[in-house]
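Student: Have a look at the structure that comes next, please.
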Amino acid sequence: MSCGPALIDRHGRTISYLRISVTDRCDLRCRYCMAEEMTFLPKAQLLSLEEIALIAERFIARGVTKIRLSGGEPLVRRDVGELVRRLGRSLGHGLDELTMTTNATRLADHAEALYAAGMRRINVSLDSRDPATFRHITRHGDVAQVLDGIFAARDAGLKVKINLVALKGLNDHEIPEMLAWCGANGFDLSLIETMPLGAIDEDRADRFVPLTQVFADLAARFTLDPSDHNSGGPARYWRVSPWGTKLGLISPLTNNFCATCNRVRLTTEGKLFMCLGHDDQVDLKTAIREGGLAALDAALDAAMIRKPERHDFAIAPGSAPAVARHMSVTGG
């Protein structure tokens, strides 16, 4: 594989992290993420597994060292295991880490294969351990199935990080207990502010919890020491005593982290979004189908010129989402 110049945007930021949504479909309907009735993309519009792999490998050749597979729910795509195995062959050959964000409903069936393909770390979206609350947030999910997947991943050798979106009046009171549970079981925890992406059936402002408030509550209950840990993403970390668990905060609204953004996102239909909070995108599917790797390289160069300096997220009562597309389209 021939190498190309590093991907550096017009603001001087080096792009080293690619997130790939392998499907916009999901087997849950989390209230802050999706509407209850969703229309998903027809399969004919999606990138093939071969195309995803070729695009990812070209990113690696141009300096991307970390790839995260996401969705929707990546494990609902039937051929995702084959993609993981192929990308895993690049580990140690330009790629430092291959990981995944999943809701864990199907993780028990895939955990050993993911580890065998080279994954060593996985993020699991889990907003509540209470069965009734979990079912309410996801509309129909079974938390026992998710917990089975989480422990299967741990047993397979995967390091697990729990992602929890803080939601006022739904799960914010559970966060201290979730942190203690993570510590006792060897999991890290990242807390995330809800983001204004896509139309949903509720007003996000009613559920928004600033993580500054959550952190103040946790600091009064736990010993939190600042950590210089860097996972390659936007989280700031603290180490939690006595377990050594890492607590991460992802706060796009109360603590903008755009100045150090190193990420771009590839959708399942081949659109490259340079920023989660903007609609501007570059069509990589057309580029690779009509012009091969040369056209793909040109499209990546164009994307670097068009990457914005920052997002414009804001949440206020009755306000429209920052962008019309749902998080499941762009990938988490």
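Each chain in the structure tokens gets a letter, A, B and so on, in the order shown; residues start at 1 in every chain, and ligands are counted from 1 in the order they appear.
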Using the chain letters and numbers from this document, which residues of region 54-106 of chain A does DSSP assign to helix (DSSP H, G or I), as a PyMOL selection string?

Tutor: chain A and resi 54-61+74-76+80-88

Student: Write out as a ChimeraX atom specification which residues come within 12 Å of Asp24 (chain A) when counting only C-alpha atoms, dropping same-chain ones fewer than 2 positions away.

Tutor: /A:20-22,26-29,33-34,38-43,45-47,69-77,266-270,325-332

Student: Write the residues of the selection above to a file with C-alpha atoms, as a CSV table (one decimal), in the first residue's frame.

Tutor:
chain,number,residue,atom,x,y,z
A,20,ILE,CA,-16.9,4.5,10.5
A,21,SER,CA,-20.7,4.0,10.7
A,22,VAL,CA,-21.1,0.5,9.2
A,26,CYS,CA,-30.1,-0.3,15.3
A,27,ASP,CA,-32.1,-2.8,17.3
A,28,LEU,CA,-32.8,-0.2,20.0
A,29,ARG,CA,-34.6,3.2,19.7
A,33,CYS,CA,-30.8,9.4,19.6
A,34,MET,CA,-33.8,8.3,17.4
A,38,MET,CA,-37.3,5.5,11.8
A,39,THR,CA,-36.7,5.3,8.1
A,40,PHE,CA,-33.4,3.6,7.4
A,41,LEU,CA,-31.3,3.7,4.3
A,42,PRO,CA,-32.0,1.1,1.6
A,43,LYS,CA,-29.2,-1.4,1.4
A,45,GLN,CA,-27.2,2.9,-1.1
A,46,LEU,CA,-24.7,1.5,1.4
A,47,LEU,CA,-21.0,1.0,0.9
A,69,LEU,CA,-16.5,1.1,14.0
A,70,SER,CA,-20.0,2.3,15.0
A,71,GLY,CA,-23.5,2.7,13.8
A,72,GLY,CA,-26.4,2.6,14.5
A,73,GLU,CA,-25.5,-0.7,16.0
A,74,PRO,CA,-22.5,-2.2,14.1
A,75,LEU,CA,-23.1,-5.8,15.1
A,76,VAL,CA,-26.5,-5.9,13.3
A,77,ARG,CA,-24.5,-5.8,10.0
A,266,LEU,CA,-17.5,8.1,7.4
A,267,THR,CA,-21.2,7.2,7.0
A,268,THR,CA,-22.5,3.9,5.8
A,269,GLU,CA,-23.4,5.4,2.5
A,270,GLY,CA,-19.9,6.8,1.9
A,325,ARG,CA,-29.4,13.8,10.5
A,326,HIS,CA,-29.5,11.5,13.5
A,327,MET,CA,-26.4,10.3,15.3
A,328,SER,CA,-26.9,6.9,13.9
A,329,VAL,CA,-26.4,8.1,10.4
A,330,THR,CA,-23.0,9.8,11.2
A,331,GLY,CA,-21.8,7.3,13.8
A,332,GLY,CA,-20.9,7.8,17.4

Student: Counting only C-alpha atoms, which of A:Arg129, A:Arg86, A:Lys246, A:Arg139 gets nearest to Lys161 (chain A)?

Tutor: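 Checking each candidate against Lys161 (chain A), we get A:Lys246 as the closest.
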
Student: DSSP on the backbone, then: every residue of region 209-309 of chain A marked strand (DSSP E or B), written as a PyMOL selection string.

Tutor: chain A and resi 223-227+236-241+245-250+263-266+271-273+281-283

Student: What is the CA of Arg85 (chain A) to CA of Gly291 (chain A) distance in Å?

Tutor: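 The value is 26.4 Å.
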
Student: From the set A:Gly277, A:His93, A:Val160, A:Asp217, which residue has the shortest atom-to-atom contact distance to Gly183 (chain A), counting only C-alpha atoms?

Tutor: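 Once distances to Gly183 (chain A) are computed over only C-alpha atoms, the minimum belongs to A:Val160.
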
Student: When you look at region 101-115 of chain A with a cut-off of 6 Å (counting only C-alpha atoms), what residues show up, excluding the ones that are within fewer than 5 positions of it in the same chain? I need them as a list in words.

Tutor: Ser70, Glu73, Asn123, Val124, Ser125, Gln145, Val146, Gly149, Ala152, Ala153 and Ala156 of chain A

Student: Write the selection just made, keeping C-alpha atoms, as a PDB file, in the first residue's frame?

Tutor:
ATOM      1  CA  SER A  70     -19.953   2.300  15.017  1.00  0.00           C
ATOM      2  CA  GLU A  73     -25.471  -0.749  15.982  1.00  0.00           C
ATOM      3  CA  ASN A 123     -17.128   1.027  24.211  1.00  0.00           C
ATOM      4  CA  VAL A 124     -20.593  -0.014  25.337  1.00  0.00           C
ATOM      5  CA  SER A 125     -23.523   2.410  25.417  1.00  0.00           C
ATOM      6  CA  GLN A 145     -28.979  -9.023  27.485  1.00  0.00           C
ATOM      7  CA  VAL A 146     -26.647  -6.017  27.463  1.00  0.00           C
ATOM      8  CA  GLY A 149     -22.618  -8.952  26.439  1.00  0.00           C
ATOM      9  CA  ALA A 152     -18.693 -11.762  27.792  1.00  0.00           C
ATOM     10  CA  ALA A 153     -16.460  -9.025  26.363  1.00  0.00           C
ATOM     11  CA  ALA A 156     -12.855 -12.543  26.158  1.00  0.00           C
TER      12      ALA A 156
END

Student: Counting only C-alpha atoms, which of A:Leu247, A:Leu170, A:Val240, A:Ile162 gets nearest to Thr223 (chain A)?

Tutor: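 Of A:Leu247, A:Leu170, A:Val240, A:Ile162, the one nearest Thr223 (chain A) is A:Val240, counting only C-alpha atoms.
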
Student: Expressed in Å to a single decimal, how great is the separation between CA of Ala117 (chain A) and CA of Asp188 (chain A)?

Tutor: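 Computed distance, CA of Ala117 (chain A) to CA of Asp188 (chain A), equals 22.3 Å.
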
Student: Skip Ala303 (chain A) itself and residues of its chain fewer than 6 positions away, then list as a PyMOL selection string all residues within 12 Å of it, counting only C-alpha atoms.

Tutor: chain A and resi 7-10+15+263-266+271-275+280-284+296-297

Student: Can you work out the spacing between CA of Arg207 (chain A) and CA of Leu167 (chain A) in Å, to one decimal?

Tutor: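 Atom-to-atom, CA of Arg207 (chain A) and CA of Leu167 (chain A) are spaced 4.9 Å apart.
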
Student: So, counting only C-alpha atoms, which residue among A:Ala35, A:Leu189, A:Val214, A:Leu293 is closest to Ala56 (chain A)?

Tutor: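 Result for the nearest residue to Ala56 (chain A): A:Leu293.
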
Student: Using only C-alpha atoms, can you tell me which of A:Glu177, A:Leu87, A:Glu82, A:Arg236 comes closest to Arg58 (chain A)?

Tutor: A:Leu87
